[in-house]
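Below: one structure, written as structure tokens.
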Amino acid sequence: MSDITKQSLTELVENIKNKKLSSTDITKAFIERSENSKELNAYITEDYTSALDKAKKFDQKPNLNLKLPGIPMAVKDLFCTKDVKTTAGSKILNNFIPTYESTVTDNIWKEGGILLGKLNCDEFAMGSSNETSFFGNVQNPIDKDLVPGGSSGGSASAVAGQLTPITIGTDTGGSIRQPASFTGTVGLKPTYGSCSRYGIVAFASSLDQAGPMAQNVKDCALLQEVISSYDSKDSTSVDFKRNQYSKELTNNIKGKKIGIPKEYRVDGMPKEIEDLWQKGIQYVKDCGAKTIDISLPNTSYALPTYYIVAPAEASSNLARYDGVKYGFRAKGENLIDMYEKTRSEGFGAEVQRRIMIGTYVLSSGYYDAYYLKAQKVRKLIKNDFDEAYKKVDAILTPSTPSAAFKIGEKTNDPVSMYLNDIFTVPVNLAGLPGISIPAGHDSKGYPLGLQIIGKAFDEQNILNIAYAMEQKINFKNKITDWWIK
Amino acid sequence: MSKNSSEYLINRKDNQYEVVIGLEVHAQVLSESKLFSTSATKFGAEPNTQVSLVDAAFPGMLPVINEFCVKQAIKTGIGLNAKINKRSVFDRKNYFYADLPQGYQISQFKDPIVGEGKVILDMPNGKKEIGIERLHLEQDAGKSIHDLDPQNTFVDLNRSGVALMEIVSKPDLRSPDEVNAYIKKLRSIMRYLGTCDGNMQEGSLRADVNVSVRPKGSKEFGTRCEIKNVNSIKFMQMAIEYEANRQVDLIEEGKTIDQETRLFDTKKNETRSMRSKEDAHDYRYFPDPDLLPLEVSEKFIEELKNNIPELPDDKKIRFIEEFKLSPYEANILVSDIDTAKYFEEVVAKMGKNKDIKLAVNWITGELFAVLNSKGLEISQSPVSAKNFAILINLIKNGTISGKIAKTVFELMIDGDKDPQKIVEEKGLKQQSDPKALEALIEKIINDNREKAIEYKQGKEKLFGFFVGQAMKASGGKANPQLINEILKKRL
């Protein structure tokens with residue numbers, strides 16, 4: 001059955017539809033591989049028994065009109081799942097079992113998807129290496145002791161390691177695209193407002209966006225089609241006409257104008273990233289698209305802006321974890337003492353750092369200099385993209401300034417960790433869609449990704465470009481199953 | 001304290017001080033559901049039975065604005081003659097407390113939904129305009145209950161997320177009496193609009209009171225103290241009086257006033273320091289990223305404007321013009337919407353040949369007395385407007401005398417009886433047959449010959465005696481006017 005887990009989502013759906021495989025076959029195969037892959041530490045919570053029950057139930061009365069008919073999948077543990085523990089990678093939610101379902105996961109179950117379990121992630125999605133999780137590091141299937149990226153590290157690891165055929169992550173500053181790049185998988189951050197935030201543990205509300213992660217672009221398009229919906233329960237959800245992304249997918253991108261922003265050529269960027277980018281430019285040209293040099297002049301301010309806006313919102317969003325209503329509570333002498341102990345013991349170091357940064361930038365006397373200024377710069381960054389899109393249809397950049405690094409390599413240097421997000425954060429600040437596709441390897445054989453940034457609500461276009469490039473690149477992930485004894 | 005003039009001043013040896021007051025009124029929006037969730041808002045429900053996942057701030061829960069509450073705020077803004085802002089922004093006010101599940105209150109800070117407006121007060125010495133600074137929408141917090149257990153605090157989240165309108169006045173109020181009139185006027189306007197029930201016992205209306213003092217004639221404001229969360233007009237007045245005197249004493253002693261937040265202790269009748277300016281919370285206001293700026297169209301506002309009912313100020317003018325009431329009478333009738341409704345219904349039911357003055361006297365006299373003694377609101381009046389109108393008409397057309405009417409009214413109270421039927425059943429109809437009355441009076445004069453002679457000799461006081469005898473003989477039913485006429489002729 002090992003070949004089942006090697007199949008793409010598209011193949012699995014086809015095999016279910018023509019009855020070559022049952023949901024039970026597929027579910028069993030992924031459970032078995034997941035059981036053998038505990039060393040990756042991709043899962044926080046396993047829900048295998050329930051998954052098998054659901055698969056059996058599906059097989060008894062299969063509805064083959066669904067988009068994900070009986071397809072099992074694990075999801076990032078930031079999505080609230082009814083009756084299944086949801087931790088956000090934090091001790092403070094260690095014992096939290098929601099009575100409700102996030103809209104995005106609900107959309108998946110309605111289309112026939114089956115929950116395998118909840119995947120590891122950085123605590124409250126704050127991290128770029130999955131090292132801030134209360135539940136420990138996640139291994140990158142590419143190599144031992146290599147980080148899978150973050151914050152959707154468990155998700156990226158699980159897809160790359162074929163523990164799940166597809167998954168969903170969340171992306172606040174690159175948390176889908178960076179781990180996708182580090183693991184040789186495809187990850188899409190949709191336009192802000194495309195996927196409902198209802199039921200997703202919030203990090204930075206104005207930036208958070210759920211998105212699909214998959215082995216290939218077509219699978220990614222299909223999952224995006226399922227999870228994107230207008231939702232009146234999220235006031236920032238946008239009611240726009242959504243495409244049938246997988247059905248409308250085409251590799252014909254002739255005549256498309258692709259912008260190459262010079263500001264993404266940052267100081268100290270390794271040559272292999274520059275080479276990869278040049279290769280990418282050649283690929284899109286080979287596909288019949290044109291490349292145009294553009295300027296996004298405020299790019300260098302994106303990272304500092306992000307590290308003001310995101311912590312500011314987080315400091316407020318995380319105030320609810322106070323030990324009063326649910327989750328972890330430490331004993332205290334009085335209310336204030338209980339708060340202090342609960343939050344000191346319940347939150348990890350990175351989360352505490354960001355809460356403090358956020359509290360500081362919102363404080364009276366500093367608000368104008370930090371938060372307000374950051375909001376203004378954010379507007380300028382968005383204007384940069386608006387200007388560029390007068391000339392081009394999409395923008396091509398590297399996904400990350402380097403390949404995956406070793407566990408522990410950057411944990412003592414938060415700034416160098418934050419620099420990982422340098423190419424991804426401007427996209428979140430501008431609320432645009434961005435996709436990372438695997439495009440090559442570095443000298444060590446670690447995957448490298450390219451990012452295609454689109455206009456707002458133009459997911460179809462960047463999926464098409466990614467689809468066309470994917471066929472030219474013909475990337476093969478080097479997975480040796482080193483962790484399976 | 002100077003009470004002789006209309007000015008409220010605090011007097012010390014050589015100095016007179018003026019008191020400057022500004023109010024932040026928190027008015028609960030009359031709405032079935034909360035500001036950002038669909039939970040119910042009923043008063044007095046079992047603790048924690050009206051709490052949604054949003055109200056309890058569960059992970060991933062998001063606020064969704066309740067359009068009805070937005071309409072209520074705009075309507076109130078219109079009632080306050082205020083500028084309605086087409087774009088307003090919800091901000092987060094961050095602080096930790098056990099009954100604040102989100103760790104922040106969603107409020108409006110820089111861009112409120114309603115801007116500047118005004119309220120007109122009818123004070124004994126004339127009209128006074130009080131400026132409105134702004135009105136904004138915000139969430140209420142839950143309730144911490146400290147006295148149920150010696151060790152623990154209990155939290156009831158029923159109120160958490162309930163919509164409040166914070167109405168901020170300009171520092172235009174100058175006395176406890178003006179504060180009384182201002183709160184009553186605000187409440188009256190909101191009750192007319194149906195945007196707040198104004199029930200202070202249930203906490204639907206409470207206020208933070210800002211008080212400062214300055215030497216009479218000074219143009220500069222003194223340092224103010226804010227007295228938090230006062231929930232009755234009487235307590236507001238007491239708190240202002242205490243606080244103003246405290247501040248004046250400090251000044252007289254050459255001390256300075258600290259800007260601070262204070263509490264009013266209703267048992268000791270004093271204000272106490274709660275926290276100083278240095279200890280003031282840093283609320284870290286910033287726009288709530290879960291909510292888009294609130295935008296309302298001109299059309300949306302116009303539609304609400306077109307459906308605003310007649311408000312007390314306009315109603316008063318109309319009552320004076322249409323019914324020839326005195327401003328004093330009109331004021332009494334319009335100040336409460338239910339009184340105005342009752343009065344207008346009585347007027348309508350009285351038909352063509354109506355005596356409005358008589359109706360007003362009876363409403364403000366007999367009816368109010370009954371309501372008062374029974375502790376009822378006029379909306380719970382035991383006598384319906386319809387039967388009340390019939391009673392007034394019976395007096396007006398001479399069927400019964402005013403005195404008999406009081407007897408009839410007493411009987412009407414029990415079960416809202418038709419006064420016409422009471423008059424018939426009890427035979428209380430006024431005797432207005434001149435012949436019968438003449439015969440009756442003839443007999444009385446014959447029975448009291450000596451007194452009749454005395455009267456003729458100039459003892460005019462005795463006229464009253466004969467009237468009394470006639471009324472008595474008729475069982476109180478004789479038409480007093482006719483009795484007078486006949487007696488004058490016969491004596």
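Convention: chains lettered A, B, ... in structure tokens order; per-chain residue numbering from 1; ligands numbered from 1 as shown.
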If you run DSSP over the backbone, which residues in stretch 21-122 of chain B end up strand (DSSP E)? Put them as a PyMOL selection string. chain B and resi 21-28+87-88+91-94+104-107+117-122
Using only C-alpha atoms and a cut-off of 8 Å, which residues of chain B sit close to chain A? Please list them as a PyMOL selection string. chain B and resi 56-64+94+96+98+101-104+282-286+289-292
If you measure from atom CA of A:Pro398 to atom CA of A:Lys241, what distance in Å do you get, rounded to one decimal? 29.5 Å
Find the residues around stretch 307-321 of chain B up to 12 Å (only C-alpha atoms counted), leave out those fewer than 2 positions away in its own chain, and share them as a ChimeraX atom specification. /B:71-72,74-81,119-122,127,184-195,300-305,323-341,343-344,347,356-357,360
Contacts of stretch 208-218 of chain B at 8 Å (only C-alpha atoms; same-chain gap of 4+ positions) as a PyMOL selection string: chain B and resi 9+15-25+222-230+236+240+243-244+247-248
